[in-house]
Each structure stands twice: as C-alpha cells, then as structure tokens.
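What follows is one structure encoded as structure tokens, with my remarks underneath.
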Amino acid sequence: MPSWRPPRIPFPGLANPESLLGIPLLVRSELVGVLCLESEVPYRFHEEDKAAIELLGSYIALAIQNVQMYERTADAVPEPAAVDVPRQEPVNGRREIAFYESDECLLIDGEYLIRSLPAKILWKLLTIRTETGRSEFTNRELRLDKSLNLPGWKDNLESRLLLLRRRLEQKCPEDVRLVPVARGRFALELGCELTLRRV
C-alpha cells in the first residue's frame with residue numbers, strides 16, 4: 001500500500017533556473033516566510049546580492065508579521081453583527097461623529113464606525129478639516145504626528161488607511177470619504193455637514 005505524501009507545492013518562477021537564492025524571512029527567530037530569487041544566468045547571485053536581499057527580506061518579514069498581528073488584533077475585537085439597515089439620512093443636513101477617547105472608538109449618529117488607530121486617524125483628519133478647512137493630507141504628515149502614537153519600528157499606515165477607507169464606504173459612503181489623489185496623498189471629502197463631539 002503506497003504511503004501518503006503531502007501534496008508538492010511547486011515554486012512559482014522559472015521552469016529551469018540556473019541560479020537560485022533563498023532567504024529565510026525571520027522576525028525574532030520566528031520564520032514567517034521565504035524569499036526566493038531565480039535567474040537563467042549561471043552563478044548570477046553573489047555575496048553583495050545576498051546582503052541586499054537579506055536587508056530587503058528583513059523589511060518584508062516585519063511587514064508580514066505586522067499584518068499577522070493586525071489581523072489577530074482585529075479578530076480579537078468583536079464588531080457588532082452586521083444588520084441590513086437602511087441608510088440613515090443626516091438630521092437637518094448634519095451628522096454627528098463622536099470620538100470616545102478612552103476607548104479610541106468613533107461613532108456616527110450613535111452607531112459604531114471604527115476603533116483603535118484608524119479611529120484616531122479619522123478623528124485627527126476631521127478635526128483639522130473643521131478647524132482649518134484643509135481637505136488634502138499626506139501619509140508623511142500622519143507618520144510625523146506624535147499624537148497618533150504610530151509604532152516606531154513599523155507603522156503599516158497604508159493598511160490602516162485602506163481599512164479606514166473601506167469602513168467608511170460600508171457605513172457612510174455618501175457622507176465621509178477618503179479619496180487617493182496621488183502617491184502618499186489623499187483627500188477627505190464630506191457629503192454633508194458634520195458635528196464633532198469628543199467624549
């Protein structure tokens with residue numbers, strides 16, 4: 001009787017590579033992946049290539065671990081069950097956004113919108129928009145903003161902005177939008193008047 005073997009997963013890439021360089025992606029001695037480079041040229045990779053790829057691999061490993069930690073955190077915080085509710089119209093053309101500072105949680109017209117760092121980012125953007133009228137922002141200015149307490153080693157800001165944009169599209173697509181306008185630059189667009197309340 002033939003013994004069971006796990007299915008073989010082929011590496012993507014060249015059919016007959018002449019050179020192969022593999023780098024383990026490690027974070028604090030934990031293997032999170034492998035970065036493989038192939039070439040049709042024999043003896044293509046040298047020590048300087050290996051050093052450069054190891055440096056790149058360390059950044060990729062941190063990014064992978066950051067996404068895994070973020071997904072675990074997101075899974076650990078239960079969100080209210082999705083209910084099919086008709087869109088709530090603004091009262092007198094206004095909607096209220098409340099920021100519960102101790103919980104780092106945002107509500108729109110009393111309904112949960114988002115929490116944690118994306119909530120702090122949106123509150124910061126809305127506050128600046130209300131106080132100055134400015135509607136365009138950059139990723140760089142958010143990274144430099146000490147009040148947001150972004151992690152110093154790897155903030156994964158783009159993923160958080162993407163999560164925030166998707167959440168706004170689900171909850172209030174016509175009233176509050178984050179719209180990319182250029183690389184590292186986005187606009188905050190409002191479809192109605194907002195009342196901001198810090199709790």
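For the structure tokens, the naming scheme is as follows: chains receive sequential letters (A, B, ...) according to their order of presentation, residues are indexed from 1 within each chain, and ligands are indexed from 1 in presentation order.
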
Near-stretch 128-131 of chain A list (12 Å; only C-alpha atoms; drop same-chain fewer than 5 positions) as a PyMOL selection string: chain A and resi 121-123+136-137+142+176+187-190+193-197

Excluding stretch 183-186 of chain A and its own-chain neighbours fewer than 2 positions away, which residues fall within 6 Å of it when counting only C-alpha atoms? Please give them as a ChimeraX atom specification. /A:136-139,179-181

Would you write out those residues with N, CA and C atoms, as a PDB file, in the first residue's frame?
ATOM      1  N   GLU A 136      -6.834  68.104   1.993  1.00  0.00           N
ATOM      2  CA  GLU A 136      -5.816  67.176   1.488  1.00  0.00           C
ATOM      3  C   GLU A 136      -4.760  66.928   2.549  1.00  0.00           C
ATOM      4  N   PHE A 137      -4.326  65.656   2.623  1.00  0.00           N
ATOM      5  CA  PHE A 137      -3.365  65.232   3.643  1.00  0.00           C
ATOM      6  C   PHE A 137      -2.347  64.302   3.017  1.00  0.00           C
ATOM      7  N   THR A 138      -1.233  64.092   3.723  1.00  0.00           N
ATOM      8  CA  THR A 138      -0.214  63.166   3.233  1.00  0.00           C
ATOM      9  C   THR A 138       0.048  62.084   4.277  1.00  0.00           C
ATOM     10  N   ASN A 139       0.489  60.933   3.795  1.00  0.00           N
ATOM     11  CA  ASN A 139       0.876  59.854   4.705  1.00  0.00           C
ATOM     12  C   ASN A 139       2.033  60.307   5.599  1.00  0.00           C
ATOM     13  N   VAL A 179     -10.243  59.730  -0.350  1.00  0.00           N
ATOM     14  CA  VAL A 179     -10.024  59.531  -1.781  1.00  0.00           C
ATOM     15  C   VAL A 179      -8.544  59.735  -2.093  1.00  0.00           C
ATOM     16  N   PRO A 180      -7.845  58.706  -2.629  1.00  0.00           N
ATOM     17  CA  PRO A 180      -6.442  58.909  -3.022  1.00  0.00           C
ATOM     18  C   PRO A 180      -6.361  59.930  -4.159  1.00  0.00           C
ATOM     19  N   VAL A 181      -5.403  60.862  -4.055  1.00  0.00           N
ATOM     20  CA  VAL A 181      -5.232  61.866  -5.112  1.00  0.00           C
ATOM     21  C   VAL A 181      -3.856  61.776  -5.765  1.00  0.00           C
TER      22      VAL A 181
END

For A:Leu14, which of A:Ser147, A:Ser39, A:Ser116, A:Gln65 is the closest residue, counting only C-alpha atoms?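 Among the listed residues, A:Ser39 lies closest to A:Leu14.
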
Distance of atom CA of A:Leu164 from atom CA of A:Asp103, expressed in Å to one decimal place: 17.0 Å

Quick one: distance from atom CA of A:Arg160 to atom CA of A:Cys105 in Å, one decimal? 14.6 Å

Work out how far apart atom CA of A:Gln68 and atom CA of A:Cys172 are and give it in Å to one decimal.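 These atoms are spaced 27.7 Å apart.
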
Taking only C-alpha atoms into account, which of A:Val199, A:Arg143, A:Leu163, A:Asp175 comes nearest A:Ile114?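 Smallest separation from A:Ile114 among the options: A:Leu163.
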
Residue list (helix (DSSP H, G or I), DSSP) for stretch 17-130 of chain A, as an MDAnalysis selection string: chainID A and resid 47:76 116:130

Based on the selection just made, write N, CA and C atoms of those residues as a short mmCIF file (atom, residue, chain, number, x, y, z; two decimals), in the first residue's frame.
data_model
loop_
_atom_site.label_atom_id
_atom_site.label_comp_id
_atom_site.auth_asym_id
_atom_site.auth_seq_id
_atom_site.Cartn_x
_atom_site.Cartn_y
_atom_site.Cartn_z
N GLU A 47 27.78 37.60 -3.17
CA GLU A 47 27.65 37.98 -1.76
C GLU A 47 26.94 39.31 -1.58
N GLU A 48 27.24 40.29 -2.47
CA GLU A 48 26.58 41.59 -2.32
C GLU A 48 25.09 41.49 -2.61
N ASP A 49 24.71 40.57 -3.55
CA ASP A 49 23.28 40.34 -3.80
C ASP A 49 22.63 39.75 -2.55
N LYS A 50 23.33 38.81 -1.94
CA LYS A 50 22.78 38.16 -0.76
C LYS A 50 22.57 39.18 0.37
N ALA A 51 23.55 40.07 0.57
CA ALA A 51 23.43 41.07 1.63
C ALA A 51 22.26 42.01 1.37
N ALA A 52 22.10 42.45 0.11
CA ALA A 52 21.00 43.35 -0.23
C ALA A 52 19.65 42.66 -0.06
N ILE A 53 19.55 41.40 -0.48
CA ILE A 53 18.29 40.66 -0.38
C ILE A 53 17.97 40.35 1.08
N GLU A 54 18.99 40.09 1.90
CA GLU A 54 18.73 39.86 3.32
C GLU A 54 18.16 41.11 3.98
N LEU A 55 18.68 42.28 3.59
CA LEU A 55 18.14 43.53 4.13
C LEU A 55 16.69 43.71 3.69
N LEU A 56 16.42 43.50 2.40
CA LEU A 56 15.05 43.59 1.90
C LEU A 56 14.15 42.58 2.62
N GLY A 57 14.67 41.36 2.80
CA GLY A 57 13.90 40.31 3.48
C GLY A 57 13.53 40.68 4.90
N SER A 58 14.41 41.42 5.60
CA SER A 58 14.09 41.81 6.98
C SER A 58 12.90 42.76 7.01
N TYR A 59 12.83 43.66 6.00
CA TYR A 59 11.67 44.57 5.92
C TYR A 59 10.40 43.82 5.56
N ILE A 60 10.51 42.89 4.63
CA ILE A 60 9.34 42.09 4.23
C ILE A 60 8.84 41.26 5.41
N ALA A 61 9.77 40.66 6.17
CA ALA A 61 9.40 39.85 7.33
C ALA A 61 8.64 40.69 8.36
N LEU A 62 9.13 41.91 8.62
CA LEU A 62 8.44 42.79 9.57
C LEU A 62 7.05 43.14 9.07
N ALA A 63 6.94 43.41 7.77
CA ALA A 63 5.63 43.75 7.20
C ALA A 63 4.66 42.58 7.34
N ILE A 64 5.13 41.37 7.06
CA ILE A 64 4.28 40.18 7.18
C ILE A 64 3.83 39.99 8.62
N GLN A 65 4.77 40.10 9.56
CA GLN A 65 4.41 39.92 10.97
C GLN A 65 3.44 41.02 11.42
N ASN A 66 3.65 42.23 10.92
CA ASN A 66 2.77 43.34 11.27
C ASN A 66 1.34 43.07 10.81
N VAL A 67 1.19 42.57 9.59
CA VAL A 67 -0.14 42.24 9.07
C VAL A 67 -0.77 41.12 9.89
N GLN A 68 0.04 40.10 10.24
CA GLN A 68 -0.48 38.99 11.04
C GLN A 68 -0.95 39.48 12.41
N MET A 69 -0.15 40.35 13.04
CA MET A 69 -0.54 40.89 14.35
C MET A 69 -1.80 41.73 14.23
N TYR A 70 -1.89 42.51 13.17
CA TYR A 70 -3.07 43.36 12.97
C TYR A 70 -4.31 42.50 12.78
N GLU A 71 -4.18 41.43 11.98
CA GLU A 71 -5.33 40.54 11.75
C GLU A 71 -5.75 39.85 13.03
N ARG A 72 -4.77 39.43 13.85
CA ARG A 72 -5.12 38.80 15.13
C ARG A 72 -5.83 39.79 16.05
N THR A 73 -5.36 41.04 16.06
CA THR A 73 -5.99 42.07 16.89
C THR A 73 -7.41 42.35 16.40
N ALA A 74 -7.56 42.45 15.08
CA ALA A 74 -8.88 42.73 14.52
C ALA A 74 -9.85 41.59 14.82
N ASP A 75 -9.34 40.33 14.76
CA ASP A 75 -10.19 39.18 15.05
C ASP A 75 -10.57 39.12 16.53
N ALA A 76 -9.67 39.64 17.39
CA ALA A 76 -9.93 39.55 18.83
C ALA A 76 -10.96 40.57 19.29
N SER A 116 -9.69 52.09 17.57
CA SER A 116 -8.25 51.98 17.62
C SER A 116 -7.56 53.04 16.74
N LEU A 117 -6.42 52.70 16.17
CA LEU A 117 -5.64 53.68 15.42
C LEU A 117 -6.38 54.27 14.22
N PRO A 118 -7.12 53.48 13.42
CA PRO A 118 -7.89 54.12 12.34
C PRO A 118 -8.89 55.16 12.85
N ALA A 119 -9.47 54.93 14.02
CA ALA A 119 -10.40 55.91 14.60
C ALA A 119 -9.65 57.19 14.97
N LYS A 120 -8.46 57.05 15.55
CA LYS A 120 -7.67 58.23 15.91
C LYS A 120 -7.26 59.01 14.66
N ILE A 121 -6.91 58.29 13.60
CA ILE A 121 -6.52 58.96 12.35
C ILE A 121 -7.69 59.75 11.79
N LEU A 122 -8.88 59.12 11.71
CA LEU A 122 -10.04 59.82 11.16
C LEU A 122 -10.41 61.02 12.01
N TRP A 123 -10.37 60.88 13.33
CA TRP A 123 -10.69 62.00 14.20
C TRP A 123 -9.72 63.15 13.97
N LYS A 124 -8.44 62.84 13.81
CA LYS A 124 -7.43 63.87 13.55
C LYS A 124 -7.74 64.60 12.25
N LEU A 125 -8.06 63.84 11.19
CA LEU A 125 -8.36 64.44 9.89
C LEU A 125 -9.61 65.33 9.96
N LEU A 126 -10.64 64.82 10.63
CA LEU A 126 -11.88 65.59 10.74
C LEU A 126 -11.67 66.87 11.55
N THR A 127 -10.86 66.78 12.60
CA THR A 127 -10.58 67.95 13.43
C THR A 127 -9.83 69.01 12.63
N ILE A 128 -8.82 68.59 11.88
CA ILE A 128 -8.06 69.54 11.05
C ILE A 128 -8.97 70.16 10.01
N ARG A 129 -9.81 69.33 9.38
CA ARG A 129 -10.72 69.84 8.35
C ARG A 129 -11.68 70.89 8.93
N THR A 130 -12.19 70.62 10.13
CA THR A 130 -13.13 71.55 10.77
C THR A 130 -12.44 72.85 11.18
#
